[in-house]
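Q: File protein33.cif below, mmCIF, C-alpha atoms:
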data_target
#
loop_
_atom_site.label_atom_id
_atom_site.label_comp_id
_atom_site.auth_asym_id
_atom_site.auth_seq_id
_atom_site.Cartn_x
_atom_site.Cartn_y
_atom_site.Cartn_z
CA MET H 1 -13.78 24.47 16.24
CA GLU H 2 -13.77 23.61 12.54
CA LYS H 3 -13.81 19.94 11.62
CA PRO H 4 -10.68 18.63 9.90
CA GLU H 5 -10.87 17.30 6.36
CA ARG H 6 -10.03 13.78 7.61
CA LEU H 7 -9.28 12.52 11.08
CA VAL H 8 -7.55 9.61 12.79
CA CYS H 9 -8.73 9.20 16.38
CA PHE H 10 -6.66 6.94 18.65
CA ALA H 11 -7.88 5.00 21.69
CA HIS H 12 -5.06 3.76 23.89
CA GLY H 13 -5.10 0.53 25.88
CA LYS H 14 -5.73 0.01 29.58
CA GLU H 15 -2.03 0.37 30.46
CA GLY H 16 -1.28 2.76 27.60
CA THR H 17 -1.12 6.52 27.35
CA PRO H 18 -2.61 8.91 24.80
CA TRP H 19 0.77 9.67 23.20
CA GLY H 20 2.79 6.54 23.96
CA SER H 21 5.36 5.30 21.45
CA LYS H 22 2.89 3.26 19.38
CA ILE H 23 0.36 6.07 19.01
CA ALA H 24 3.10 8.66 18.46
CA ARG H 25 4.58 6.58 15.62
CA LEU H 26 1.21 5.96 13.94
CA ALA H 27 0.23 9.62 14.37
CA GLU H 28 3.44 10.53 12.52
CA VAL H 29 2.36 8.24 9.67
CA ALA H 30 -1.12 9.78 9.56
CA ARG H 31 0.16 13.36 9.64
CA GLY H 32 2.59 12.49 6.86
CA ARG H 33 -0.41 11.55 4.72
CA GLY H 34 -2.22 14.79 5.60
CA TRP H 35 -4.59 13.47 8.26
CA ALA H 36 -5.44 15.34 11.46
CA VAL H 37 -4.93 13.23 14.58
CA ASP H 38 -6.46 13.14 18.05
CA SER H 39 -5.70 10.91 21.00
CA PRO H 40 -8.01 11.46 23.98
CA ASP H 41 -6.87 10.50 27.47
CA PHE H 42 -8.87 7.59 28.88
CA ARG H 43 -6.48 6.69 31.73
CA ALA H 44 -8.92 7.78 34.46
CA ILE H 45 -11.57 5.39 33.10
CA PRO H 46 -10.71 1.74 33.87
CA ASP H 47 -14.00 0.26 32.62
CA PRO H 48 -14.01 -0.53 28.87
CA ASP H 49 -17.68 0.27 28.39
CA GLN H 50 -17.41 3.59 30.22
CA ARG H 51 -14.54 4.34 27.81
CA VAL H 52 -16.90 3.62 24.90
CA ARG H 53 -19.43 6.07 26.35
CA ARG H 54 -16.71 8.70 26.77
CA LEU H 55 -15.53 8.28 23.16
CA LEU H 56 -19.12 8.67 21.96
CA GLU H 57 -19.47 11.84 24.08
CA LEU H 58 -16.35 13.25 22.40
CA HIS H 59 -17.89 12.38 19.00
CA PRO H 60 -14.78 12.58 16.83
CA SER H 61 -15.69 13.57 13.30
CA ALA H 62 -14.35 15.12 10.11
CA ARG H 63 -15.71 16.63 6.93
CA GLY H 64 -14.33 13.58 5.14
CA PRO H 65 -13.30 10.16 6.41
CA LEU H 66 -12.85 9.24 10.06
CA VAL H 67 -10.55 6.39 11.07
CA LEU H 68 -10.58 4.91 14.56
CA VAL H 69 -7.37 3.27 15.77
CA GLY H 70 -7.34 1.30 18.96
CA SER H 71 -4.95 -0.83 20.95
CA SER H 72 -6.21 -3.63 23.22
CA MET H 73 -9.03 -2.13 25.32
CA GLY H 74 -8.92 0.86 22.97
CA ALA H 75 -9.54 -1.47 20.02
CA TYR H 76 -12.61 -2.89 21.78
CA GLN H 77 -13.70 0.67 22.47
CA SER H 78 -13.25 1.61 18.79
CA VAL H 79 -15.21 -1.40 17.51
CA VAL H 80 -18.15 -0.81 19.85
CA ALA H 81 -18.18 2.94 19.14
CA SER H 82 -18.04 2.30 15.38
CA ARG H 83 -21.72 1.36 15.39
CA THR H 84 -22.56 4.97 16.25
CA LEU H 85 -19.61 6.91 14.80
CA GLN H 86 -19.58 4.97 11.49
CA PRO H 87 -15.91 5.53 10.63
CA ALA H 88 -14.54 4.74 7.20
CA GLY H 89 -11.93 2.50 8.80
CA LEU H 90 -10.91 0.64 11.94
CA PHE H 91 -7.26 -0.22 12.60
CA LEU H 92 -7.24 -2.58 15.58
CA MET H 93 -4.08 -3.65 17.41
CA ALA H 94 -4.27 -6.61 19.80
CA PRO H 95 -8.03 -6.10 20.09
CA ALA H 96 -9.52 -7.06 23.44
CA VAL H 97 -12.41 -9.06 21.99
CA TYR H 98 -14.24 -12.11 23.39
CA LEU H 99 -13.10 -11.32 26.94
CA TRP H 100 -15.43 -12.51 29.68
CA ASP H 101 -15.49 -9.25 31.67
CA TYR H 102 -16.44 -6.97 28.75
CA ALA H 103 -20.13 -6.17 28.19
CA GLU H 104 -19.99 -6.75 24.43
CA GLN H 105 -18.92 -10.34 24.01
CA ASP H 106 -19.13 -10.28 20.22
CA PRO H 107 -18.76 -6.67 19.05
CA THR H 108 -19.52 -6.06 15.40
CA PRO H 109 -17.43 -3.48 13.53
CA ASN H 110 -19.18 -0.87 11.42
CA ALA H 111 -16.58 0.32 8.92
CA ARG H 112 -15.74 -0.45 5.31
CA TRP H 113 -12.05 -1.07 6.06
CA VAL H 114 -11.17 -3.16 9.09
CA THR H 115 -7.62 -4.30 9.78
CA VAL H 116 -6.43 -6.31 12.78
CA VAL H 117 -2.79 -6.60 13.88
CA HIS H 118 -2.04 -9.12 16.62
CA GLY H 119 1.02 -10.70 18.16
CA TRP H 120 1.62 -14.45 18.08
CA SER H 121 3.11 -14.22 21.60
CA ASP H 122 0.25 -12.23 23.14
CA THR H 123 -0.54 -13.66 26.59
CA VAL H 124 -3.17 -11.01 27.45
CA VAL H 125 -5.55 -11.50 24.51
CA PRO H 126 -5.15 -14.93 22.91
CA PRO H 127 -4.16 -14.82 19.22
CA ALA H 128 -7.12 -17.12 18.52
CA ASN H 129 -9.44 -14.25 19.50
CA ALA H 130 -8.01 -12.03 16.77
CA VAL H 131 -8.23 -14.83 14.20
CA ARG H 132 -11.86 -15.53 15.16
CA PHE H 133 -12.78 -11.82 15.02
CA ALA H 134 -11.12 -11.27 11.64
CA ARG H 135 -12.66 -14.41 10.15
CA GLN H 136 -16.14 -13.62 11.48
CA HIS H 137 -16.12 -10.02 10.24
CA GLY H 138 -14.07 -10.34 7.05
CA ALA H 139 -11.30 -8.14 8.42
CA THR H 140 -7.77 -8.09 7.12
CA LEU H 141 -5.54 -9.85 9.66
CA HIS H 142 -1.79 -9.45 10.17
CA MET H 143 -0.14 -11.73 12.73
CA VAL H 144 3.28 -10.51 13.84
CA GLN H 145 6.09 -11.87 16.01
CA ALA H 146 5.34 -9.80 19.11
CA ASP H 147 3.72 -9.87 22.52
CA HIS H 148 0.67 -7.86 23.63
CA PRO H 149 2.21 -4.35 23.57
CA LEU H 150 3.42 -4.99 19.98
CA GLN H 151 6.47 -2.76 20.53
CA SER H 152 8.88 -5.13 18.79
CA ALA H 153 6.71 -4.99 15.65
CA LEU H 154 6.24 -1.21 15.57
CA PRO H 155 8.18 -0.65 12.30
CA VAL H 156 6.00 -3.28 10.57
CA ILE H 157 2.81 -1.89 12.12
CA ALA H 158 3.69 1.61 10.90
CA ARG H 159 4.02 0.30 7.33
CA LEU H 160 0.75 -1.63 7.65
CA PHE H 161 -0.98 1.50 8.93
CA ASP H 162 0.38 3.55 6.02
CA TRP H 163 -0.98 0.97 3.56
CA PHE H 164 -4.28 0.91 5.44
CA LEU H 165 -4.66 4.70 5.15
CA GLU H 166 -3.71 4.50 1.47
CA ASP H 167 -6.53 1.97 0.94
CA VAL H 168 -9.03 4.15 2.80
CA GLU H 169 -7.99 7.23 0.79
CA ALA H 170 -8.26 5.39 -2.52
CA GLY H 171 -11.60 3.86 -1.59
CA VAL H 172 -13.09 7.15 -0.46
CA LYS H 173 -11.81 8.88 -3.60
CA ALA H 174 -13.32 6.14 -5.81
CA ALA H 175 -16.67 6.40 -3.99
CA ASP H 176 -16.72 10.17 -4.57
CA ARG H 177 -16.51 9.75 -8.37
#
Written as structure tokens, that's how I'd like the structure from this file.
A:
Amino acid sequence: MEKPERLVCFAHGKEGTPWGSKIARLAEVARGRGWAVDSPDFRAIPDPDQRVRRLLELHPSARGPLVLVGSSMGAYQSVVASRTLQPAGLFLMAPAVYLWDYAEQDPTPNARWVTVVHGWSDTVVPPANAVRFARQHGATLHMVQADHPLQSALPVIARLFDWFLEDVEAGVKAADR
């Protein structure tokens, strides 16, 4: 199969689905900007590090930029996989970072553009974890009035994702000059 020009690859959370409302909405944004999208199904894999291995086996790639988008466990998965996949960007929603039962206690992102969106009312992953991660890695951080699933902030997140993709596109275009 021919590689797309540019690709957004989604990684859903532990309780999420490959085409749940959050991913479906962000995929609509990406397609509207001309990006191909993929959202593998990780539901049969409960272990976050086995999910990382599975994503690496799938090896999402494009002729141009790759963006990894993850929610919760999927965000952890995207960050850890970024060391190997080297995407242009990471868009991380409620990232499951600094959790005691995950193998990588301090995962380091490998992407030029890293954005974190987290809910102030998240009781699954403490907001302080997102602040710490963003500060430590120089990521853009958006805190929203939402709980862990971030559903109440989906319109805002869609706009943030559109701006994020615009930044990636502009940055890649500038680097190609």
Q: Work out how far CA of Leu154 in chain H is from CA of Arg53 in chain H, in Å to one decimal.
A: 28.8 Å
Q: Tell me which residues the PyMOL selection byres ((chain H and resi 145-148) around 7) grabs here, as a list of chain:residue names.
A: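 Applied to this file, the PyMOL selection byres ((chain H and resi 145-148) around 7) selects H:Ala94, H:Gly119, H:Trp120, H:Ser121, H:Asp122, H:Thr123, H:Val124, H:Val144, H:Pro149, H:Leu150, H:Ser152, H:Ala153.
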Q: What is the distance between CA of Arg33 in chain H and CA of Trp19 in chain H, in Å to one decimal?
A: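 These two atoms are separated by 18.6 Å.
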Q: Which one is closest to Leu160 in chain H: H:Phe91, H:Phe42, H:Trp35, H:Phe10? Count all atoms listed in the file.
A: H:Phe91
Q: Report, in Å with one decimal, the straight-line distance from CA of Ala44 in chain H to CA of Pro126 in chain H.
A: 25.8 Å
Q: I need the residue nearest Met73 in chain H from this list: H:Gly32, H:Pro40, H:Gly16, H:Pro155. Use all atoms listed in the file for the distance.
A: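 Ranked by minimum distance to Met73 in chain H, first place goes to H:Gly16.
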Q: Select, counting all atoms listed in the file, all protein, DNA and RNA residues no farther than 8 Å from (-12.6, 5.6, 17.0) in file coordinates, and express the selection as a list in words.
A: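 Protein, DNA and RNA residues close to (-12.6, 5.6, 17.0): Val8, Cys9, Phe10, Ala11, Leu55, Pro60, Leu66, Val67, Leu68, Val69, Gly70, Gln77, Ser78, Val79, Ala81, Ser82, Leu85, Pro87 and Leu90 of chain H.
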Q: Those same residues - C-alpha atoms - I'd like them written as a PDB file, in the coordinates of the input.
A:
ATOM      1  CA  VAL H   8      -7.550   9.610  12.790  1.00  0.00           C
ATOM      2  CA  CYS H   9      -8.730   9.200  16.380  1.00  0.00           C
ATOM      3  CA  PHE H  10      -6.660   6.940  18.650  1.00  0.00           C
ATOM      4  CA  ALA H  11      -7.880   5.000  21.690  1.00  0.00           C
ATOM      5  CA  LEU H  55     -15.530   8.280  23.160  1.00  0.00           C
ATOM      6  CA  PRO H  60     -14.780  12.580  16.830  1.00  0.00           C
ATOM      7  CA  LEU H  66     -12.850   9.240  10.060  1.00  0.00           C
ATOM      8  CA  VAL H  67     -10.550   6.390  11.070  1.00  0.00           C
ATOM      9  CA  LEU H  68     -10.580   4.910  14.560  1.00  0.00           C
ATOM     10  CA  VAL H  69      -7.370   3.270  15.770  1.00  0.00           C
ATOM     11  CA  GLY H  70      -7.340   1.300  18.960  1.00  0.00           C
ATOM     12  CA  GLN H  77     -13.700   0.670  22.470  1.00  0.00           C
ATOM     13  CA  SER H  78     -13.250   1.610  18.790  1.00  0.00           C
ATOM     14  CA  VAL H  79     -15.210  -1.400  17.510  1.00  0.00           C
ATOM     15  CA  ALA H  81     -18.180   2.940  19.140  1.00  0.00           C
ATOM     16  CA  SER H  82     -18.040   2.300  15.380  1.00  0.00           C
ATOM     17  CA  LEU H  85     -19.610   6.910  14.800  1.00  0.00           C
ATOM     18  CA  PRO H  87     -15.910   5.530  10.630  1.00  0.00           C
ATOM     19  CA  LEU H  90     -10.910   0.640  11.940  1.00  0.00           C
TER      20      LEU H  90
END
Q: Give the answer as one residue: which of H:Ser71, H:Val80, H:His142, H:Val172 has the shortest atom-to-atom distance to Asn110 in chain H, using all atoms listed in the file?
A: H:Val80
